[in-house]
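Have a look at the structure below, then the notes.
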Amino acid sequence: MNYRGPFRVRADRNKPMPEILHPSDAIVRVTRSCICGSDLHLYHGLVPDTRVGMTFGHEFTGIVEEIGPNVQNLKVGDHVLVPFNIACGSCPFCKQELYGNCHESNPEATAVGGIFGYSHTAGGYDGGQAEYVRVPYADVGPVIIPKGMDLDDAVLLTDVTPTGYQAAEMGGIRKGDTVVVFGAGPVGIMAARCAWFFGAGRVIIIDHIEYRLEFAKTYSYCEAYNFKEMDDPVVFLKKATGGLGADVCIDAVGCDAAGNALQSLVGRKLPLTGGSATALHWAINSVKKGGIVSIVGVYGPLDTLVPIGNVVNKGLTIRANQASVKRLLPRLIDHVMAGRLNPKGLITHRIPLEEVAEGYHIFSAKRDNCIKPLLVPSSAQTA
Amino acid sequence: MSPEAAIENGAFDSDNDRNIAGRPKDIPGWGMDADPENNPTYPMKSYTGADHERLKYERPPQQPLTVEILHSIERPGPTRVFGTSTPPQGISGHVRRFAFRYSESTYAHWVPLVLADRIDVVQGIIDDLKRGHIPNIFAEKGWNAEWKYNRAGLIKKIAVSAVVVTAVVVLLSRKKRRGLA
């Protein structure tokens with residue numbers, strides 16, 4: 001996959017094979033990769049320092065083809081799932097299991113750790129929407145796919161499942177809490193599903209795409225409402241919660257949010273801010289006083305328009321981060337293997353890697369009731 | 001049922017929807033991961049007590065600097081590993097080098113990077129042409145899928161664009177004629 005500018009990508013057979021560049025590197029032959037909702041922020045040109053020629057893709061599985069001399073935990077032939085975070089495992093942040101905040105994987109920015117295929121603002125690594133990919137710190141991130149696990153489940157454990165799970169975890173949900181999730185994309189749907197693991201009493205999801213709301217109702221066992229049918233989503237949610245507000249609100253949308261003309265203009269069209277913060281705005285105003293707002297939606301590094309005064313006056317706690325995939329994997333693998341969680345149920349489209357441009361368009365324009373597109377390289381069609 | 005109708009019909013008036021007694025059998029895994037210790041300071045609870053020694057960690061070996069890497073001025077040098085995809089080049093590269101004179105805390109860093117990204121698009125097309133490759137914009141935008149799933153919308157979009165372009169051309173040519181007269 002080769003990014004050519006906003007809304008333009010193509011399959012490209014002329015990119016060179018990745019090489020071992022560091023003793024802890026591995027080269028992985030990709031067997032599955034996904035297009036993530038956050039890839040759309042890159043695709044829409046909203047993330048600064050997204051250079052033409054890059055390969056996106058931070059959700060992938062693959063077979064280890066080559067390892068550097070320092071790699072001890074993997075061997076050639078291992079089939080691994082690769083967390084989207086590139087983490088050294090030894091810096092103070094990795095030692096705190098903040099694998100999304102590694103200090104030794106991203107020279108271009110200090111606010112975020114390295115991420116596969118996610119612009120130079122996240123380290124300038126080529127990603128997994130390819131046949132082969134270089135995986136730095138191969139002893140730290142990759143996990144051998146457990147026997148019996150479906151590859152489609154495994155690839156969704158690299159980002160969307162842990163991100164949804166961590167969104168719920170950061171909500172500090174207590175048994176019986178009402179949880180509102182903004183955004184019925186794959187992460188929002190997963191966050192709504194995972195909120196039940198923490199004992200939520202009620203889960204509501206808000207979006208404006210009807211087919212996604214219908215999907216979320218079934219997949220996440222939750223109530224689902226279309227904000228376009230409301231005069232004001234905040235008033236609706238106050239009414240729905242006895243006037244107090246939700247205990248926990250989760251922003252699973254990020255910088256591409258619809259629903260407010262001013263936010264869309266300055267955050268998406270121009271863009272003069274770090275993105276359209278409509279979902280975050282609603283989350284802050286819909287949560288109860290003293291409540292928790294959990295943010296996993298991706299925003300750009302510029303300032304964004306949020307009602308910070310209400311955060312202070314309501315005494316809110318804001319919790320946010322890139323998911324620490326490696327930390328969460330043991331628990332999530334257990335949920336999947338026990339049949340409590342069905343990540344592959346999110347996949348609606350299986351697309352050959354060669355048709356990556358169509359895949360991006362279908363996902364971005366929300367055609368054909370797309371929830372989650374999976375890309376399969378020709379070399380892995382039978383895997 | 002619409003959201004407002006649900007409220008009017010009293011769907012939210014009772015506490016029944018928050019009755020959690022039936023949840024364990026309704027929803028696989030309900031409450032399994034509830035953690036009374038999960039307080040809002042998490043994940044700082046993994047704090048080791050050795051924060052003052054944070055700079056003493058053993059750093060991995062340095063990846064050789066084989067391409068130009070721009071690094072944030074908020075750190076002393078490049079990280080021990082980094083991506084080598086698409087090093088800065090051409091005019092956009094100059095703009096990116098300028099941007100990296102400023103910290104991540106400033107617009108002088110981010111706005112030039114956005115500008116460089118847009119310049120990069122033009123450079124990309126020029127590079128394609130230099131290699132003898134004419135970019136297929138229709139295919140790169142994934143409009144094959146649009147043709148398949150939203151044919152009427154695509155035709156409408158193309159028709160509207162054609163009308164707008166024609167109108168602009170006609171208007172401009174009229175003005176030009178008047179100017180000459």
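In the structure tokens, each chain is lettered A, B, ... as it comes, each chain's residues begin at 1, and ligands are numbered from 1 in order of appearance.
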request  = Skip Gly117 in chain A itself and residues of its chain fewer than 4 positions away, then list as a ChimeraX atom specification all residues within 12 Å of it, counting only C-alpha atoms.
outcome  = /A:1-3,33-36,38-39,42-43,49-51,53-60,84-86,121-130,133-135 /B:82-86
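DSSP on the backbone gives strand (DSSP E or B) for these parts of range 78-147 of chain A: His79, Val80, Leu81, Val82, Asn85, Ile86, Gly114, Ile115, Phe116, Tyr125, Tyr132, Val133, Arg134, Val135, Val143 and Ile144 of chain A.
With distances taken over only C-alpha atoms, B:Glu140 is the one residue among B:Glu140, B:Glu37, B:Asp127, B:Glu8 lying closest to chain A.
Taking CA of Cys370 in chain A as the reference point, CA of Lys344 in chain A is found at 13.7 Å.
All residues of range 53-110 of chain A that DSSP, run on the backbone, classes as alpha helix (DSSP H) are A:Pro92, A:Phe93, A:Cys94, A:Lys95.
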Write the residues you've just listed into a file as a PDB file, in the first residue's frame, and include N, CA and C atoms for each of them.
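Okay, selection_8.pdb is ready:
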ATOM      1  N   PRO A  92      11.329   3.986  31.182  1.00  0.00           N
ATOM      2  CA  PRO A  92      10.479   4.084  32.390  1.00  0.00           C
ATOM      3  C   PRO A  92       8.998   3.880  32.079  1.00  0.00           C
ATOM      4  N   PHE A  93       8.587   4.275  30.895  1.00  0.00           N
ATOM      5  CA  PHE A  93       7.154   4.173  30.569  1.00  0.00           C
ATOM      6  C   PHE A  93       6.785   2.728  30.239  1.00  0.00           C
ATOM      7  N   CYS A  94       7.646   2.055  29.489  1.00  0.00           N
ATOM      8  CA  CYS A  94       7.384   0.639  29.210  1.00  0.00           C
ATOM      9  C   CYS A  94       7.401  -0.162  30.509  1.00  0.00           C
ATOM     10  N   LYS A  95       8.295   0.214  31.434  1.00  0.00           N
ATOM     11  CA  LYS A  95       8.363  -0.514  32.697  1.00  0.00           C
ATOM     12  C   LYS A  95       7.091  -0.344  33.509  1.00  0.00           C
TER      13      LYS A  95
END
query = With only C-alpha atoms as the atoms that count, which of A:Asn226, A:Thr61, A:Gln263, A:Gln166 lies nearest to chain B?
reply =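 Smallest separation from chain B among the options: A:Asn226.
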Nearest to chain B, chosen from A:Arg29, A:Lys217, A:Arg331, A:Arg13, with only C-alpha atoms counted in the distances = A:Arg331
query = Leaving out range 241-254 of chain A and any residue of its chain fewer than 5 positions from it, which residues lie within 9 Å of it when counting only C-alpha atoms, given as JSON, numbers by chain?
reply = {"A": [37, 38, 41, 164, 167, 168, 171, 172, 173, 174, 177, 178, 179, 180, 181, 182, 183, 184, 185, 186, 187, 188, 189, 191, 192, 234, 235, 236, 275, 276, 277, 278, 279, 280, 282, 283, 284, 285, 286, 287, 288, 289, 290, 291, 292, 293, 294, 295, 296, 297, 298, 299, 300], "B": [12, 13]}
query = range 148-156 of chain B: which residues within 10 Å, counting only C-alpha atoms, same-chain residues fewer than 6 positions away excluded, as a ChimeraX atom specification?
reply = /A:362,365,367-368 /B:162
Long-range neighbours of range 65-80 of chain B as a PyMOL selection string, 9 Å cut-off, only C-alpha atoms, 5 positions minimum in chain = (chain A and resi 22+88+103-110) or (chain B and resi 59-60+87-88+96-97+100-104)
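A straight line drawn from CA of Ala139 in chain B to CA of Val9 in chain A is 8.6 Å long.
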request  = Compare B:Ala34, B:Val95, B:Leu55, B:Val165 by their minimum atom-to-atom distance to chain A, counting only C-alpha atoms, and give me the closest one.
outcome  =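 Residue with the minimum atom-to-atom distance to chain A: B:Ala34.
The space separating CA of Ala87 in chain A from CA of Tyr137 in chain A comes to 6.6 Å.
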ask   = Looking at A:Pro373, A:Pro307, A:Pro301, A:Gly345, which one is nearest to Ser105 in chain B, with distances taken over only C-alpha atoms?
value = A:Pro301
inquiry  = Need to verify the contact set: Pro377 in chain A, 8 Å, only C-alpha atoms, exclusion of same-chain residues closer than 5 positions in sequence. Can you return it as a list of chain:residue names?
reply    = A:Val30, A:Thr31, A:Arg32, A:Ala130, A:Glu131, A:Pro352, A:Leu353, A:Glu354
ask   = Restricting the calculation to only C-alpha atoms, which member of B:Arg118, B:Trp143, B:Gly124, B:Ser173 is positioned closest to Pro48 in chain A?
value =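 Closest to Pro48 in chain A of all the choices is B:Arg118.
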